[in-house]
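*Asks:* Sharing a structure here in structure tokens format.
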Amino acid sequence: MNVSKHSKQRDAILEVLHSTKAHPTADAIYEEVRKKIPNISLGTVYRNLAKLSEDNTIIKVNAGTGVEHFDGTPTPHYHVVCTECGAIDDIDADPLEEVNVWAAKIFKGEIYKHSTIFFGKCERCKN
């Protein structure tokens with residue numbers, strides 16, 4: 001993992017992401033960071049999220065809704081998206097490394113990781 005250059009803005013963004021399991025959008029992160037840094041711009045939040053994602057400090061989650069969500073846990077893990085309420089939850093299971101081996105046998109390039117998103121109904125919507 002590359003270590004991002006520390007800044008007040010970047011640290012505040014990471015603090016928001018580390019304080020939740022909700023996988024917030026950039027706009028939601030911006031609203032939370034503004035409580036500590038009122039003059040921060042939405043553009044600054046977007047640029048920092050892009051850099052943190054590029055550095056593998058955070059994970060960008062594309063749940064197929066057209067809006068990116070962000071996860072402060074950069075270690076490989078799976079997500080499930082509720083098709084009713086749109087909530088994104090973590091699945092606490094070790095990633096299946098054999099998927100990388102299987103894909104590497106088919107793909108002519110190099111496989112080093114994979115990303116899988118499950119879709120279903122969360123416990124709240126199921127009940």
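Identifiers for the structure tokens are assigned positionally: chains receive A, B, ... in sequence, residues are indexed from 1 per chain, and ligands are indexed from 1 in the order shown.
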Applying 9 Å and only C-alpha atoms, which residues near Leu14 in chain A remain after dropping the ones on its own chain fewer than 6 positions away? List them as a list in words.

*Replies:*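 Non-adjacent residues within range: Leu52, Thr57, Ile58 and Gly72 of chain A.
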
*Asks:* Per residue of range 67-97 of chain A within 12 Å of range 22-43 of chain A, what are the shortest atom pair and its distance in Å to one decimal, counting only C-alpha atoms, with rows by chain and residue number, as a Markdown table?

*Replies:*
```
| residue | atom | partner | partner_atom | distance |
| --- | --- | --- | --- | --- |
| A:Val67 | CA | A:Thr25 | CA | 7.1 |
| A:Glu68 | CA | A:Thr25 | CA | 6.0 |
| A:His69 | CA | A:Thr25 | CA | 4.4 |
| A:Phe70 | CA | A:His23 | CA | 5.0 |
| A:Asp71 | CA | A:His23 | CA | 5.1 |
| A:Gly72 | CA | A:His23 | CA | 7.9 |
| A:Thr73 | CA | A:His23 | CA | 9.8 |
| A:His79 | CA | A:His23 | CA | 9.9 |
| A:Val80 | CA | A:His23 | CA | 11.1 |
| A:Val81 | CA | A:His23 | CA | 10.6 |
| A:Gly86 | CA | A:Ala22 | CA | 10.7 |
| A:Ala87 | CA | A:Ala22 | CA | 7.4 |
| A:Ile88 | CA | A:His23 | CA | 6.3 |
| A:Asp89 | CA | A:Ala22 | CA | 7.0 |
| A:Asp90 | CA | A:His23 | CA | 9.1 |
```

*Asks:* For the residues selected in the previous step, produce a file with N, CA and C atoms as a PDB file, in the first residue's frame.

*Replies:*
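The resulting file, result.pdb, is shown below:
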```pdb
ATOM      1  N   VAL A  67     -23.387   5.976  -8.688  1.00  0.00           N
ATOM      2  CA  VAL A  67     -22.777   6.792  -7.642  1.00  0.00           C
ATOM      3  C   VAL A  67     -21.729   5.942  -6.932  1.00  0.00           C
ATOM      4  N   GLU A  68     -20.511   6.467  -6.828  1.00  0.00           N
ATOM      5  CA  GLU A  68     -19.458   5.731  -6.145  1.00  0.00           C
ATOM      6  C   GLU A  68     -19.591   5.893  -4.637  1.00  0.00           C
ATOM      7  N   HIS A  69     -19.294   4.822  -3.941  1.00  0.00           N
ATOM      8  CA  HIS A  69     -19.253   4.811  -2.482  1.00  0.00           C
ATOM      9  C   HIS A  69     -17.820   4.505  -2.080  1.00  0.00           C
ATOM     10  N   PHE A  70     -17.486   4.800  -0.823  1.00  0.00           N
ATOM     11  CA  PHE A  70     -16.112   4.633  -0.383  1.00  0.00           C
ATOM     12  C   PHE A  70     -16.059   3.837   0.909  1.00  0.00           C
ATOM     13  N   ASP A  71     -15.002   3.033   1.023  1.00  0.00           N
ATOM     14  CA  ASP A  71     -14.815   2.132   2.154  1.00  0.00           C
ATOM     15  C   ASP A  71     -13.441   2.403   2.745  1.00  0.00           C
ATOM     16  N   GLY A  72     -13.392   2.661   4.037  1.00  0.00           N
ATOM     17  CA  GLY A  72     -12.134   2.954   4.721  1.00  0.00           C
ATOM     18  C   GLY A  72     -11.323   1.726   5.073  1.00  0.00           C
ATOM     19  N   THR A  73     -11.819   0.533   4.754  1.00  0.00           N
ATOM     20  CA  THR A  73     -11.088  -0.709   5.021  1.00  0.00           C
ATOM     21  C   THR A  73     -10.479  -1.186   3.708  1.00  0.00           C
ATOM     22  N   HIS A  79     -18.486  -7.155  -0.779  1.00  0.00           N
ATOM     23  CA  HIS A  79     -19.603  -6.279  -0.419  1.00  0.00           C
ATOM     24  C   HIS A  79     -20.905  -6.886  -0.918  1.00  0.00           C
ATOM     25  N   VAL A  80     -21.993  -6.537  -0.251  1.00  0.00           N
ATOM     26  CA  VAL A  80     -23.323  -6.901  -0.714  1.00  0.00           C
ATOM     27  C   VAL A  80     -24.156  -5.625  -0.756  1.00  0.00           C
ATOM     28  N   VAL A  81     -24.890  -5.437  -1.843  1.00  0.00           N
ATOM     29  CA  VAL A  81     -25.728  -4.265  -2.039  1.00  0.00           C
ATOM     30  C   VAL A  81     -27.183  -4.696  -1.934  1.00  0.00           C
ATOM     31  N   GLY A  86     -30.561   0.066  -1.095  1.00  0.00           N
ATOM     32  CA  GLY A  86     -29.283   0.553  -1.602  1.00  0.00           C
ATOM     33  C   GLY A  86     -28.136   0.495  -0.619  1.00  0.00           C
ATOM     34  N   ALA A  87     -28.378  -0.023   0.596  1.00  0.00           N
ATOM     35  CA  ALA A  87     -27.311  -0.117   1.593  1.00  0.00           C
ATOM     36  C   ALA A  87     -26.208  -1.042   1.090  1.00  0.00           C
ATOM     37  N   ILE A  88     -24.982  -0.692   1.436  1.00  0.00           N
ATOM     38  CA  ILE A  88     -23.825  -1.525   1.097  1.00  0.00           C
ATOM     39  C   ILE A  88     -23.240  -2.028   2.401  1.00  0.00           C
ATOM     40  N   ASP A  89     -23.112  -3.339   2.514  1.00  0.00           N
ATOM     41  CA  ASP A  89     -22.550  -3.951   3.710  1.00  0.00           C
ATOM     42  C   ASP A  89     -21.341  -4.790   3.335  1.00  0.00           C
ATOM     43  N   ASP A  90     -20.458  -4.975   4.309  1.00  0.00           N
ATOM     44  CA  ASP A  90     -19.319  -5.865   4.133  1.00  0.00           C
ATOM     45  C   ASP A  90     -19.764  -7.297   4.385  1.00  0.00           C
TER      46      ASP A  90
END
```

*Asks:* Rank nothing, just name the residue among A:Glu84, A:Val16, A:Arg47, A:Thr116 nearest to Val99 in chain A, using only C-alpha atoms.

*Replies:* A:Thr116

*Asks:* Find, counting only C-alpha atoms, the residue in A:Glu123, A:Thr75, A:Lys108, A:Glu15 that gets nearest to Asp94 in chain A.

*Replies:*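 Nearest candidate to Asp94 in chain A out of A:Glu123, A:Thr75, A:Lys108, A:Glu15: A:Thr75.
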
*Asks:* When DSSP works through the backbone of this structure, what residues of chain A end up as helix (DSSP H, G or I), shown as a PyMOL selection string?

*Replies:* chain A and resi 8-18+26-34+42-54+97-106+123-126

*Asks:* For the residues selected in the previous step, produce a file with N, CA and C atoms as a compact mmCIF listing (two decimals), in the first residue's frame.

*Replies:*
```
# COMPACT_ATOMS: atom_id res chain seq x y z
N LYS A 8 -4.43 17.95 6.43
CA LYS A 8 -5.58 18.11 7.33
C LYS A 8 -6.85 17.58 6.66
N GLN A 9 -7.02 17.91 5.39
CA GLN A 9 -8.20 17.47 4.66
C GLN A 9 -8.24 15.96 4.50
N ARG A 10 -7.11 15.39 4.11
CA ARG A 10 -7.04 13.94 3.89
C ARG A 10 -7.27 13.18 5.19
N ASP A 11 -6.68 13.68 6.27
CA ASP A 11 -6.87 13.04 7.57
C ASP A 11 -8.33 13.10 8.01
N ALA A 12 -9.00 14.22 7.73
CA ALA A 12 -10.42 14.36 8.10
C ALA A 12 -11.29 13.40 7.29
N ILE A 13 -10.97 13.22 6.02
CA ILE A 13 -11.70 12.28 5.17
C ILE A 13 -11.51 10.86 5.69
N LEU A 14 -10.28 10.50 6.01
CA LEU A 14 -10.02 9.16 6.54
C LEU A 14 -10.72 8.94 7.87
N GLU A 15 -10.77 9.97 8.69
CA GLU A 15 -11.46 9.87 9.98
C GLU A 15 -12.95 9.55 9.77
N VAL A 16 -13.56 10.21 8.80
CA VAL A 16 -14.97 9.94 8.48
C VAL A 16 -15.12 8.49 8.03
N LEU A 17 -14.27 8.05 7.11
CA LEU A 17 -14.39 6.70 6.58
C LEU A 17 -14.12 5.63 7.63
N HIS A 18 -13.18 5.90 8.52
CA HIS A 18 -12.86 4.92 9.56
C HIS A 18 -13.91 4.88 10.67
N ALA A 26 -19.24 10.43 -1.86
CA ALA A 26 -18.37 11.62 -1.72
C ALA A 26 -19.15 12.78 -1.11
N ASP A 27 -20.40 12.95 -1.52
CA ASP A 27 -21.22 14.05 -0.99
C ASP A 27 -21.45 13.89 0.52
N ALA A 28 -21.71 12.66 0.96
CA ALA A 28 -21.92 12.42 2.39
C ALA A 28 -20.64 12.65 3.17
N ILE A 29 -19.52 12.25 2.60
CA ILE A 29 -18.22 12.48 3.25
C ILE A 29 -17.96 13.97 3.35
N TYR A 30 -18.24 14.70 2.27
CA TYR A 30 -18.08 16.15 2.24
C TYR A 30 -18.87 16.81 3.36
N GLU A 31 -20.13 16.41 3.53
CA GLU A 31 -20.98 16.99 4.58
C GLU A 31 -20.39 16.74 5.97
N GLU A 32 -19.84 15.57 6.20
CA GLU A 32 -19.24 15.25 7.50
C GLU A 32 -17.94 16.02 7.72
N VAL A 33 -17.10 16.09 6.69
CA VAL A 33 -15.81 16.80 6.81
C VAL A 33 -16.04 18.29 7.03
N ARG A 34 -17.09 18.84 6.42
CA ARG A 34 -17.40 20.28 6.58
C ARG A 34 -17.68 20.64 8.04
N LEU A 42 -16.02 20.78 -2.20
CA LEU A 42 -16.39 19.44 -2.66
C LEU A 42 -15.32 18.90 -3.60
N GLY A 43 -14.74 19.76 -4.41
CA GLY A 43 -13.66 19.37 -5.32
C GLY A 43 -12.46 18.82 -4.57
N THR A 44 -12.12 19.43 -3.45
CA THR A 44 -11.01 18.95 -2.63
C THR A 44 -11.31 17.56 -2.10
N VAL A 45 -12.54 17.33 -1.67
CA VAL A 45 -12.93 16.00 -1.18
C VAL A 45 -12.81 14.99 -2.31
N TYR A 46 -13.34 15.31 -3.48
CA TYR A 46 -13.25 14.40 -4.63
C TYR A 46 -11.79 14.10 -5.00
N ARG A 47 -10.94 15.12 -5.03
CA ARG A 47 -9.54 14.91 -5.39
C ARG A 47 -8.85 14.02 -4.37
N ASN A 48 -9.12 14.26 -3.08
CA ASN A 48 -8.49 13.45 -2.04
C ASN A 48 -9.01 12.01 -2.06
N LEU A 49 -10.29 11.82 -2.31
CA LEU A 49 -10.84 10.46 -2.41
C LEU A 49 -10.20 9.72 -3.58
N ALA A 50 -10.02 10.41 -4.70
CA ALA A 50 -9.38 9.79 -5.86
C ALA A 50 -7.95 9.37 -5.54
N LYS A 51 -7.23 10.25 -4.87
CA LYS A 51 -5.83 9.96 -4.52
C LYS A 51 -5.75 8.82 -3.51
N LEU A 52 -6.60 8.84 -2.49
CA LEU A 52 -6.60 7.78 -1.48
C LEU A 52 -6.96 6.43 -2.10
N SER A 53 -7.87 6.46 -3.05
CA SER A 53 -8.26 5.23 -3.75
C SER A 53 -7.12 4.73 -4.64
N GLU A 54 -6.51 5.65 -5.34
CA GLU A 54 -5.38 5.32 -6.21
C GLU A 54 -4.23 4.72 -5.41
N GLU A 97 -8.86 -16.64 -2.84
CA GLU A 97 -7.67 -16.45 -3.68
C GLU A 97 -7.68 -17.38 -4.88
N GLU A 98 -8.41 -18.53 -4.76
CA GLU A 98 -8.45 -19.45 -5.89
C GLU A 98 -9.15 -18.82 -7.11
N VAL A 99 -9.95 -17.77 -6.87
CA VAL A 99 -10.57 -17.06 -7.99
C VAL A 99 -9.47 -16.41 -8.84
N ASN A 100 -8.46 -15.85 -8.19
CA ASN A 100 -7.35 -15.24 -8.93
C ASN A 100 -6.59 -16.30 -9.75
N VAL A 101 -6.39 -17.48 -9.15
CA VAL A 101 -5.67 -18.57 -9.84
C VAL A 101 -6.48 -19.02 -11.05
N TRP A 102 -7.79 -19.22 -10.86
CA TRP A 102 -8.67 -19.63 -11.95
C TRP A 102 -8.64 -18.61 -13.09
N ALA A 103 -8.78 -17.32 -12.75
CA ALA A 103 -8.80 -16.27 -13.76
C ALA A 103 -7.45 -16.18 -14.48
N ALA A 104 -6.36 -16.38 -13.76
CA ALA A 104 -5.02 -16.29 -14.35
C ALA A 104 -4.80 -17.39 -15.39
N LYS A 105 -5.48 -18.51 -15.22
CA LYS A 105 -5.35 -19.61 -16.19
C LYS A 105 -6.03 -19.25 -17.51
N ILE A 106 -7.05 -18.39 -17.45
CA ILE A 106 -7.83 -18.02 -18.63
C ILE A 106 -7.29 -16.75 -19.28
N GLU A 123 -30.99 -7.50 5.76
CA GLU A 123 -31.81 -8.01 6.86
C GLU A 123 -32.95 -7.07 7.19
N ARG A 124 -32.67 -5.75 7.15
CA ARG A 124 -33.70 -4.77 7.46
C ARG A 124 -34.85 -4.82 6.47
N CYS A 125 -34.53 -4.92 5.18
CA CYS A 125 -35.58 -4.96 4.16
C CYS A 125 -36.25 -6.32 4.07
N LYS A 126 -35.54 -7.36 4.42
CA LYS A 126 -36.10 -8.72 4.38
C LYS A 126 -37.21 -8.88 5.42
```

*Asks:* So which residues of chain A fall under strand (DSSP E or B) by DSSP, listed as JSON, numbers by chain?

*Replies:* {"A": [25, 59, 60, 61, 62, 68, 69, 70, 71, 78, 79, 80, 81, 82, 88, 89, 90, 91, 117, 118, 119, 120]}

*Asks:* Looking at only C-alpha atoms, which of A:Ile117, A:Cys122, A:Tyr78, A:Thr65 is the one that sits closest to Leu96 in chain A?

*Replies:*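 Smallest separation from Leu96 in chain A among the options: A:Tyr78.
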
*Asks:* Separation of CA of Pro74 in chain A and CA of Asn56 in chain A, in Å?

*Replies:*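 It comes out at 6.3 Å.
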
*Asks:* CA of Thr20 in chain A and CA of Lys113 in chain A are how many Å apart?

*Replies:* 24.6 Å
